[in-house]
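Peer 1: Just one file: coords.cif, with mmCIF, C-alpha atoms.
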```cif
data_target
#
loop_
_atom_site.label_atom_id
_atom_site.label_comp_id
_atom_site.auth_asym_id
_atom_site.auth_seq_id
_atom_site.Cartn_x
_atom_site.Cartn_y
_atom_site.Cartn_z
CA MET N 1 12.72 -43.31 17.33
CA LYS N 2 10.67 -40.87 19.37
CA SER N 3 12.39 -38.78 22.02
CA VAL N 4 11.08 -38.02 25.51
CA ASP N 5 9.96 -34.61 24.23
CA ASP N 6 7.88 -36.30 21.54
CA TYR N 7 5.96 -38.34 24.13
CA ILE N 8 5.46 -35.24 26.29
CA GLU N 9 4.06 -33.44 23.27
CA ILE N 10 1.60 -36.27 22.60
CA ALA N 11 0.45 -36.20 26.22
CA LEU N 12 0.01 -32.42 26.20
CA ARG N 13 -1.94 -32.51 22.95
CA LEU N 14 -4.43 -34.87 24.58
CA THR N 15 -5.30 -32.07 27.01
CA PHE N 16 -6.64 -30.03 24.06
CA ARG N 17 -9.50 -32.52 23.50
CA SER N 18 -12.91 -31.94 25.06
CA ILE N 19 -12.98 -35.48 26.44
CA THR N 20 -10.12 -34.53 28.77
CA GLY N 21 -12.36 -32.05 30.57
CA LYS N 22 -15.17 -34.61 30.79
CA VAL N 23 -12.81 -37.17 32.29
CA GLY N 24 -11.75 -34.53 34.80
CA TYR N 25 -15.34 -33.97 35.93
CA CYS N 26 -15.91 -37.74 36.28
CA LEU N 27 -12.76 -38.13 38.35
CA ALA N 28 -13.73 -35.21 40.59
CA ILE N 29 -17.15 -36.75 41.30
CA ALA N 30 -15.62 -40.18 41.94
CA GLY N 31 -13.05 -38.66 44.27
CA LEU N 32 -15.75 -36.83 46.25
CA TYR N 33 -17.57 -40.12 46.68
CA LEU N 34 -14.44 -41.79 48.07
CA ILE N 35 -13.83 -38.89 50.47
CA SER N 36 -17.35 -38.93 51.95
CA PRO N 37 -19.52 -41.79 50.68
CA PRO N 38 -22.48 -41.10 53.06
CA ILE N 39 -23.14 -37.66 51.58
CA VAL N 40 -23.14 -38.97 48.02
CA ILE N 41 -25.16 -42.05 48.97
CA ASP N 42 -27.75 -39.89 50.75
CA LEU N 43 -28.17 -37.75 47.64
CA ILE N 44 -28.61 -40.83 45.49
CA ASN N 45 -31.03 -42.41 47.98
CA LEU N 46 -33.17 -39.26 47.88
CA PHE N 47 -33.69 -39.95 44.24
CA LEU N 48 -34.10 -43.70 44.68
CA ALA N 49 -36.76 -43.17 47.39
CA LYS N 50 -39.14 -42.07 44.65
CA THR N 51 -38.57 -45.30 42.75
CA SER N 52 -38.79 -49.00 43.43
CA PHE N 53 -35.07 -49.65 43.06
CA GLY N 54 -34.37 -49.79 46.80
CA GLN N 55 -31.61 -48.02 48.72
CA LEU N 56 -27.80 -48.01 48.56
CA SER N 57 -25.65 -48.70 51.59
CA ALA N 58 -22.68 -46.48 52.33
CA SER N 59 -19.12 -47.80 52.14
CA GLU N 60 -16.09 -46.82 54.20
CA PRO N 61 -14.55 -43.39 53.35
CA MET N 62 -11.16 -43.34 51.55
CA PRO N 63 -10.05 -39.71 52.10
CA VAL N 64 -6.45 -40.02 50.86
CA THR N 65 -7.34 -41.82 47.65
CA GLY N 66 -10.37 -39.62 47.10
CA THR N 67 -8.43 -36.39 47.60
CA SER N 68 -5.79 -37.54 45.11
CA ILE N 69 -8.41 -38.36 42.49
CA VAL N 70 -10.24 -35.06 43.03
CA SER N 71 -6.96 -33.17 42.69
CA PHE N 72 -6.08 -34.93 39.46
CA GLY N 73 -9.58 -34.42 38.06
CA THR N 74 -9.47 -30.72 38.96
CA LEU N 75 -6.08 -30.40 37.28
CA LEU N 76 -7.46 -31.91 34.06
CA ILE N 77 -10.40 -29.50 34.15
CA LEU N 78 -8.18 -26.46 34.64
CA VAL N 79 -5.72 -27.55 31.97
CA ASN N 80 -8.45 -28.31 29.44
CA HIS N 81 -10.53 -25.17 30.02
CA PHE N 82 -7.85 -22.56 30.73
CA TRP N 83 -4.26 -23.60 29.88
CA ALA N 84 -4.83 -25.48 26.60
CA PRO N 85 -6.80 -22.67 24.86
CA ARG N 86 -4.02 -20.19 25.70
CA GLN N 87 -1.40 -22.46 24.13
CA GLN N 88 -3.47 -22.83 20.97
CA ASN N 89 -3.77 -19.04 20.66
CA ARG N 90 0.03 -18.57 20.73
CA GLU N 91 2.12 -18.47 17.56
CA VAL N 92 5.68 -19.28 16.52
CA ILE N 93 7.16 -17.80 13.34
CA GLY N 94 9.83 -19.74 11.50
CA ILE N 95 12.36 -18.26 9.07
CA ARG N 96 13.69 -20.93 6.73
CA HIS N 97 16.85 -19.66 5.00
CA ASN N 98 18.42 -21.79 2.32
CA SER N 99 20.87 -21.59 -0.54
CA LEU N 100 23.22 -24.51 0.13
CA GLY N 101 21.14 -27.46 1.33
CA SER N 102 18.10 -29.55 0.63
CA PHE N 103 15.61 -29.81 3.46
CA PRO N 104 11.81 -29.49 3.58
CA GLN N 105 9.81 -26.46 4.52
CA GLU N 106 8.77 -26.23 8.19
CA ALA N 107 11.60 -28.66 9.01
CA VAL N 108 12.31 -26.94 12.32
CA GLN N 109 8.75 -27.27 13.64
CA LYS N 110 9.25 -30.77 15.04
CA ASP N 111 12.45 -29.63 16.81
CA LEU N 112 10.96 -26.61 18.59
CA PRO N 113 10.71 -26.71 22.40
CA VAL N 114 7.72 -28.80 23.47
CA LEU N 115 5.47 -25.89 24.44
CA GLN N 116 6.22 -24.06 21.19
CA ARG N 117 5.19 -27.14 19.20
CA LEU N 118 1.72 -26.76 20.67
CA ALA N 119 1.39 -23.23 19.27
CA ALA N 120 0.30 -22.29 15.76
CA TYR N 121 3.25 -22.23 13.34
CA ARG N 122 3.77 -19.99 10.30
CA GLU N 123 6.92 -19.74 8.22
CA ILE N 124 8.71 -17.25 6.00
CA ASP N 125 10.56 -19.21 3.33
CA VAL N 126 13.73 -17.45 2.13
CA ASP N 127 15.02 -19.92 -0.45
CA HIS N 128 17.72 -18.78 -2.87
CA SER N 129 18.11 -22.14 -4.63
CA ASP N 130 16.71 -20.69 -7.85
CA SER N 131 19.36 -17.95 -7.80
CA TYR N 132 22.26 -20.39 -8.13
CA THR N 133 23.62 -22.36 -11.06
CA LYS N 134 26.12 -25.09 -10.19
CA GLY N 135 26.78 -23.43 -6.83
CA VAL N 136 27.44 -20.00 -8.34
CA LEU N 137 25.19 -17.05 -7.46
CA ASP N 138 24.13 -15.75 -10.89
CA ASP N 139 20.86 -14.03 -9.97
CA HIS N 140 22.05 -11.79 -7.16
CA GLU N 141 19.32 -9.22 -7.79
CA THR N 142 16.56 -11.70 -6.91
CA ALA N 143 18.48 -12.97 -3.88
CA ILE N 144 18.89 -9.47 -2.44
CA ARG N 145 15.29 -8.46 -3.17
CA ARG N 146 14.09 -11.63 -1.45
CA LEU N 147 16.09 -10.73 1.67
CA ASP N 148 14.90 -7.12 1.65
CA ARG N 149 11.28 -8.33 1.78
CA VAL N 150 11.74 -10.34 4.98
CA PRO N 151 11.34 -7.45 7.49
CA HIS N 152 8.06 -6.46 5.83
CA GLN N 153 6.81 -10.05 5.82
CA LEU N 154 7.78 -10.43 9.45
CA SER N 155 6.00 -7.23 10.44
CA GLY N 156 2.83 -8.59 8.84
CA PHE N 157 3.13 -11.83 10.79
CA LEU N 158 3.84 -10.03 14.06
CA SER N 159 0.83 -7.72 13.72
CA SER N 160 -1.28 -10.39 15.43
CA GLY N 161 1.29 -11.12 18.16
CA ALA N 162 4.23 -8.78 18.66
CA ASP N 163 5.87 -11.05 21.24
CA SER N 164 5.81 -14.20 19.09
CA PRO N 165 9.13 -16.07 19.13
CA ILE N 166 11.01 -16.33 15.82
CA ALA N 167 12.88 -19.53 14.94
CA TYR N 168 15.74 -18.88 12.48
CA TYR N 169 17.25 -21.94 10.78
CA GLY N 170 18.76 -22.94 7.47
CA LEU N 171 21.80 -23.47 5.28
CA PRO N 172 22.52 -20.21 3.44
CA HIS N 173 25.82 -18.77 2.24
CA VAL N 174 27.57 -16.64 4.87
CA PRO N 175 26.99 -13.20 3.27
CA LEU N 176 23.26 -13.92 2.90
CA ALA N 177 22.88 -14.98 6.55
CA PHE N 178 24.95 -12.00 7.71
CA TYR N 179 22.85 -9.55 5.70
CA LEU N 180 19.53 -11.00 6.89
CA GLY N 181 20.75 -10.67 10.48
CA TYR N 182 21.58 -7.03 9.74
CA LEU N 183 18.05 -6.47 8.38
CA LEU N 184 16.56 -7.99 11.55
CA SER N 185 18.87 -6.24 14.03
CA ASP N 186 15.99 -4.49 15.83
CA SER N 187 15.83 -5.73 19.43
CA LYS N 188 12.04 -6.06 19.17
CA TYR N 189 12.56 -9.38 17.38
CA ARG N 190 12.71 -12.38 19.74
CA VAL N 191 14.93 -14.63 17.64
CA ASP N 192 15.81 -18.20 18.64
CA LEU N 193 18.69 -19.71 16.66
CA TYR N 194 18.87 -23.28 15.37
CA ASP N 195 21.76 -25.18 13.79
CA LEU N 196 21.62 -28.46 11.92
CA ASN N 197 23.07 -31.35 13.94
CA ASN N 198 25.04 -33.38 11.42
CA ASP N 199 24.87 -36.50 13.59
CA SER N 200 21.12 -36.59 14.32
CA GLY N 201 19.90 -34.67 11.28
CA ARG N 202 17.71 -32.54 13.55
CA TRP N 203 17.75 -28.81 14.23
CA ASP N 204 19.24 -28.03 17.63
CA GLN N 205 18.15 -24.86 19.40
CA LEU N 206 21.08 -22.89 20.77
CA SER N 207 19.99 -22.46 24.37
CA GLY N 208 21.12 -23.33 27.86
CA ILE N 209 24.44 -22.69 29.53
CA THR N 210 27.74 -24.23 28.43
CA ARG N 211 31.38 -23.40 28.95
CA ALA N 212 32.74 -20.32 27.21
CA ILE N 213 34.73 -20.65 24.01
CA ASP N 214 38.46 -20.07 24.31
CA LEU N 215 38.80 -17.00 22.09
CA PHE N 216 41.72 -14.72 21.35
CA THR N 217 41.45 -11.34 19.67
CA LYS N 218 44.18 -9.18 18.22
CA ILE N 219 44.59 -6.14 15.99
CA ASP N 220 47.85 -5.95 14.05
CA CYS N 221 48.07 -2.15 14.22
CA VAL N 222 48.75 -0.61 17.63
CA GLU N 223 48.93 3.03 16.57
CA SER N 224 45.78 5.02 15.91
CA SER N 225 45.45 6.77 12.58
CA ASP N 226 43.31 9.53 11.08
CA ALA N 227 44.00 8.22 7.59
CA SER N 228 41.14 7.15 5.34
CA GLY N 229 41.12 3.45 4.54
CA ASP N 230 39.64 0.03 5.21
CA VAL N 231 39.95 -2.52 8.02
CA VAL N 232 39.89 -6.33 7.73
CA VAL N 233 38.12 -8.41 10.40
CA ALA N 234 38.74 -12.18 10.25
CA ILE N 235 36.57 -14.45 12.42
CA GLY N 236 37.62 -18.10 12.60
CA ILE N 237 35.34 -20.34 14.70
CA SER N 238 34.87 -23.57 12.74
CA TYR N 239 38.02 -23.17 10.65
CA PRO N 240 40.97 -20.76 10.72
CA ILE N 241 41.02 -17.83 8.30
CA HIS N 242 44.19 -17.96 6.21
CA PRO N 243 45.80 -14.56 5.44
CA THR N 244 47.18 -15.92 2.16
CA GLU N 245 43.66 -16.48 0.87
CA ILE N 246 42.65 -12.94 1.82
CA ALA N 247 45.80 -11.69 0.09
CA GLU N 248 44.55 -13.20 -3.19
CA LEU N 249 42.11 -10.28 -3.40
CA GLY N 250 44.86 -7.65 -3.32
CA LEU N 251 42.84 -5.33 -1.10
CA SER N 252 44.27 -1.83 -0.96
CA SER N 253 44.32 0.96 1.65
CA ILE N 254 44.12 -1.48 4.55
CA LEU N 255 44.73 0.33 7.84
CA ALA N 256 44.68 -2.76 10.09
CA THR N 257 43.62 -6.38 10.39
CA ALA N 258 41.66 -7.63 13.39
CA GLU N 259 41.26 -11.29 14.25
CA ILE N 260 38.70 -13.08 16.44
CA ASN N 261 39.61 -16.75 16.58
CA ALA N 262 38.81 -19.86 18.54
CA ARG N 263 42.08 -21.28 19.81
CA GLN N 264 40.98 -24.68 18.56
CA PRO N 265 38.61 -24.09 15.65
CA THR N 266 36.24 -26.98 15.03
CA ARG N 267 32.82 -27.65 13.56
CA GLN N 268 29.84 -27.57 15.92
CA LEU N 269 31.90 -25.68 18.48
CA ILE N 270 28.91 -23.38 19.08
CA THR N 271 26.23 -25.19 21.08
CA SER N 272 24.52 -22.52 23.20
CA HIS N 273 23.13 -19.01 23.15
CA ASP N 274 25.75 -17.98 25.72
CA GLN N 275 28.54 -18.83 23.29
CA ILE N 276 26.77 -16.88 20.53
CA ALA N 277 26.56 -13.90 22.90
CA GLN N 278 30.24 -14.29 23.79
CA VAL N 279 31.44 -14.08 20.18
CA CYS N 280 28.99 -11.27 19.37
CA THR N 281 30.25 -9.28 22.35
CA GLU N 282 33.84 -9.73 21.21
CA PHE N 283 32.88 -8.70 17.68
CA ARG N 284 31.10 -5.56 18.91
CA LYS N 285 34.09 -4.68 21.11
CA THR N 286 36.39 -5.07 18.11
CA LEU N 287 34.21 -2.75 16.03
CA GLU N 288 34.34 -0.18 18.83
CA VAL N 289 38.15 -0.39 19.00
CA ILE N 290 38.30 0.07 15.23
CA LYS N 291 36.00 3.10 15.48
CA ASN N 292 38.19 4.71 18.14
CA LYS N 293 41.52 3.95 16.48
CA PHE N 294 40.46 4.71 12.92
CA PRO N 295 37.74 7.37 12.93
CA ASN N 296 37.99 7.82 9.14
CA ARG N 297 37.62 4.15 8.27
CA ARG N 298 35.59 3.70 5.09
CA ARG N 299 34.78 0.01 4.99
CA ILE N 300 35.18 -3.13 7.06
CA HIS N 301 35.94 -6.37 5.20
CA VAL N 302 34.58 -9.39 7.11
CA PHE N 303 35.96 -12.89 6.49
CA TYR N 304 34.11 -15.54 8.47
CA ALA N 305 34.26 -19.30 9.04
CA GLY N 306 31.63 -20.61 11.44
CA PRO N 307 28.04 -21.82 11.83
CA VAL N 308 25.08 -20.19 10.11
CA SER N 309 23.46 -19.21 13.41
CA LEU N 310 26.49 -17.17 14.47
CA SER N 311 26.83 -15.41 11.10
CA PHE N 312 23.17 -14.33 11.40
CA ALA N 313 23.77 -13.17 15.00
CA LEU N 314 26.90 -11.23 14.01
CA GLY N 315 24.89 -9.42 11.34
CA ARG N 316 22.52 -8.26 14.07
CA CYS N 317 25.49 -6.62 15.84
CA ILE N 318 26.08 -4.09 13.06
CA SER N 319 25.02 -0.57 13.98
CA GLU N 320 23.54 1.40 11.11
CA ARG N 321 24.49 4.69 12.78
CA ILE N 322 27.97 3.86 14.13
CA ASP N 323 29.60 1.43 11.71
CA PRO N 324 30.84 2.13 8.16
CA GLU N 325 30.03 0.05 5.11
CA ILE N 326 30.38 -3.69 5.76
CA ILE N 327 31.57 -6.17 3.14
CA VAL N 328 31.05 -9.86 3.95
CA TYR N 329 32.86 -12.40 1.78
CA ASN N 330 31.85 -15.87 0.65
CA TYR N 331 34.46 -18.65 0.75
CA SER N 332 34.76 -21.51 -1.73
CA SER N 333 37.78 -23.78 -1.88
CA GLN N 334 37.16 -24.39 -5.59
CA SER N 335 37.05 -20.78 -6.75
CA ILE N 336 39.88 -18.45 -7.71
CA PRO N 337 40.25 -16.42 -5.63
CA LYS N 338 38.86 -18.37 -2.69
CA TYR N 339 36.71 -15.35 -1.77
CA ALA N 340 35.13 -14.83 -5.19
CA TRP N 341 32.09 -12.77 -4.20
CA SER N 342 30.71 -10.68 -1.38
CA LEU N 343 27.78 -8.56 -0.27
CA SER N 344 28.30 -4.98 0.89
CA PHE N 345 25.74 -3.11 2.97
CA ASN N 346 25.27 -0.33 5.55
CA ASN N 347 26.25 2.29 3.01
CA PRO N 348 24.22 5.52 3.40
CA ASP N 349 24.34 6.03 -0.37
CA HIS N 350 22.86 2.60 -1.07
CA PRO N 351 19.77 1.61 0.97
CA SER N 352 20.12 -2.05 -0.01
CA ALA N 353 22.95 -4.55 -0.28
CA ARG N 354 25.21 -4.76 -3.33
CA PHE N 355 26.73 -7.84 -4.89
CA ASN N 356 30.48 -7.77 -5.60
CA ALA N 357 32.34 -10.17 -7.87
CA HIS N 358 36.05 -10.51 -7.07
CA HIS N 359 39.05 -11.59 -9.08
CA ALA N 360 42.58 -12.48 -8.08
CA ALA N 361 44.99 -9.64 -7.33
CA GLY N 362 45.41 -7.49 -10.40
CA GLY N 363 41.88 -8.24 -11.66
CA SER N 364 38.79 -6.11 -11.40
CA HIS N 365 36.43 -5.52 -8.50
CA ALA N 366 32.87 -5.28 -9.81
CA PRO N 367 30.15 -4.12 -7.45
CA VAL N 368 26.60 -4.49 -8.75
CA GLN N 369 23.62 -2.80 -7.14
CA HIS N 370 20.29 -4.54 -7.52
CA ALA N 371 17.46 -2.78 -9.28
#
```
Show this structure as structure tokens.

Peer 2:
Amino acid sequence: MKSVDDYIEIALRLTFRSITGKVGYCLAIAGLYLISPPIVIDLINLFLAKTSFGQLSASEPMPVTGTSIVSFGTLLILVNHFWAPRQQNREVIGIRHNSLGSFPQEAVQKDLPVLQRLAAYREIDVDHSDSYTKGVLDDHETAIRRLDRVPHQLSGFLSSGADSPIAYYGLPHVPLAFYLGYLLSDSKYRVDLYDLNNDSGRWDQLSGITRAIDLFTKIDCVESSDASGDVVVAIGISYPIHPTEIAELGLSSILATAEINARQPTRQLITSHDQIAQVCTEFRKTLEVIKNKFPNRRRIHVFYAGPVSLSFALGRCISERIDPEIIVYNYSSQSIPKYAWSLSFNNPDHPSARFNAHHAAGGSHAPVQHA
């Protein structure tokens, strides 16, 4: 079933056709006749006087109707000759990011705002499906290289229109979305976020204004410390983060644990850009508190449960200059431990991300840097 936006799009696309301008001219002429028939009739009779067709008689003026028709005809002319070409010259860039789902390329195009649907559409396809075997990431080198290429691809696309909006959508694993957000953290990128609506099957843009999420933030260590060590940050939006599952990793030298949680975690809790901004602000504040309390922190371990759009946005909050190395973990209820692998990045000694395989407490921790 078509939505109201779909019918608006069809109507607007009609304005791109040359016949729309021709109809506008015809309506303008007809409207002028209704406003002042004698003038039009006199012009026609001047022509007819040279023929044997006789003369036309003038009818009564209809100024209100005529003015309305002229106005509508003029609007069609202006839209067809000036507005429509500008829309066709605009461009929207999509970033399709996938490693978990099955959905077609350019899937978000039909769910863009109406005016963006009228623009040219190009897409960067970041699909990691070929890097997984039975849900396990076994070709991490290719996955990381594919992500590292995105900023260069995007720069090439934006060379013809630096202010083009970017539509990010997809179903990737959390560390991959987080890392791509980090790579695209430059404020020059105008990124619009989309999440899959499980009820409608369409991609919903996170825009508009909705009520704030009821968040609570805490850090379990009150005292500051100059000691060298790591900090854990747990972010529970769709589901709570369970400390027992983090404990399976047996992380050492932990200075503190910070939590950013929705008081009532639930799926599809995030529905607007304002809510994204709210969580990102809280995350950035938490990183600043960690920086001030623990100036010699070495790494920050991030455990996250929430929508793809927010994980990408949180990645954009990481400061290359201020923050230490970031390690983002992937959760799977069927693996042992539950957080069996992660990506680490923002390490000055490693320009790209590294893949880490994890084992239960007492096992090994194996970081692997891609070639």

Peer 1: List as a tab-separated table every residue of region 309-334 of chain N that is in contact with region 162-181 of chain N, defined as an atom at most 9 Å from one of its atoms (using only C-alpha atoms), together with the nearest atom pair and the distance in Å rounded to one decimal, sorted by chain and then rising number.

Peer 2:
```
residue	atom	partner	partner_atom	distance
N:Ser309	CA	N:Tyr169	CA	7.3
N:Leu310	CA	N:Phe178	CA	8.6
N:Ser311	CA	N:Phe178	CA	5.2
N:Phe312	CA	N:Gly181	CA	4.5
N:Ala313	CA	N:Gly181	CA	6.0
N:Leu314	CA	N:Phe178	CA	6.6
N:Gly315	CA	N:Gly181	CA	4.4
N:Arg316	CA	N:Gly181	CA	4.7
N:Cys317	CA	N:Gly181	CA	8.2
N:Ile318	CA	N:Gly181	CA	8.9
N:Ile327	CA	N:Pro175	CA	8.4
N:Val328	CA	N:Pro175	CA	5.3
N:Tyr329	CA	N:Pro175	CA	6.1
N:Asn330	CA	N:Val174	CA	6.1
N:Tyr331	CA	N:Val174	CA	8.3
```

Peer 1: Please, what distance in Å, to one decimal, runs between CA of Gln334 (chain N) and CA of Arg299 (chain N)?

Peer 2: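 Between CA of Gln334 (chain N) and CA of Arg299 (chain N) the gap works out to 26.7 Å.
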
Peer 1: Could you check the closest approach to Ala227 (chain N) for each of N:Thr20, N:Asn296, N:Ser207, N:Thr257 and tell me which residue wins, using only C-alpha atoms?

Peer 2: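 The closest residue to Ala227 (chain N) is N:Asn296.
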
Peer 1: Just checking: using only C-alpha atoms, which residue out of N:Val136, N:Leu287, N:Val23, N:Ala340 ends up closest to Leu78 (chain N)?

Peer 2: N:Val23

Peer 1: Using all atoms listed in the file, which of N:Leu343, N:Leu183, N:Ile276, N:Val114 sits nearest Arg211 (chain N)?

Peer 2: N:Ile276

Peer 1: Convert the output of the PyMOL selection byres ((chain N and resi 262) around 7) on the shown file into explicit residues, formatted as JSON, numbers by chain.

Peer 2: {"N": [213, 214, 215, 216, 236, 237, 261, 263, 264, 265]}

Peer 1: Show me the residues around (42.2, -17.6, -4.5) - criterion: an atom at most 8 Å away, all atoms listed in the file counted - as a PyMOL selection string.

Peer 2: chain N and resi 245-246+248-249+335-340+360

Peer 1: Let me make sure I understand: among N:Asp127, N:Glu106, N:Glu282, N:Glu320, which one has the smallest atom-to-atom distance to Val233 (chain N) if we use all atoms listed in the file?

Peer 2: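 Checking each candidate against Val233 (chain N), we get N:Glu282 as the closest.
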
Peer 1: Which residue, N:Tyr121, N:Tyr182, N:Phe16, N:Phe82, has the smallest gap to Asp148 (chain N) when you use all atoms listed in the file?

Peer 2: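 That would be N:Tyr182, the residue with the smallest distance to Asp148 (chain N).
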
Peer 1: Tell me, as a list in words, which residues lie within 8 Å of Leu76 (chain N), counting all atoms listed in the file; anything in the same chain fewer than 2 positions away does not count.

Peer 2: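 Skipping anything fewer than 2 positions along the chain leaves Thr15, Thr20, Gly21, Val23, Gly24, Phe72, Gly73, Thr74, Leu78, Val79 and Asn80 of chain N.
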
Peer 1: Choose the residue, out of N:Ala212, N:Ala120, N:Ala30, N:Val126, that has the smallest atom-to-atom separation from Leu100 (chain N); count only C-alpha atoms.

Peer 2: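 Smallest distance to Leu100 (chain N) is found for N:Val126.
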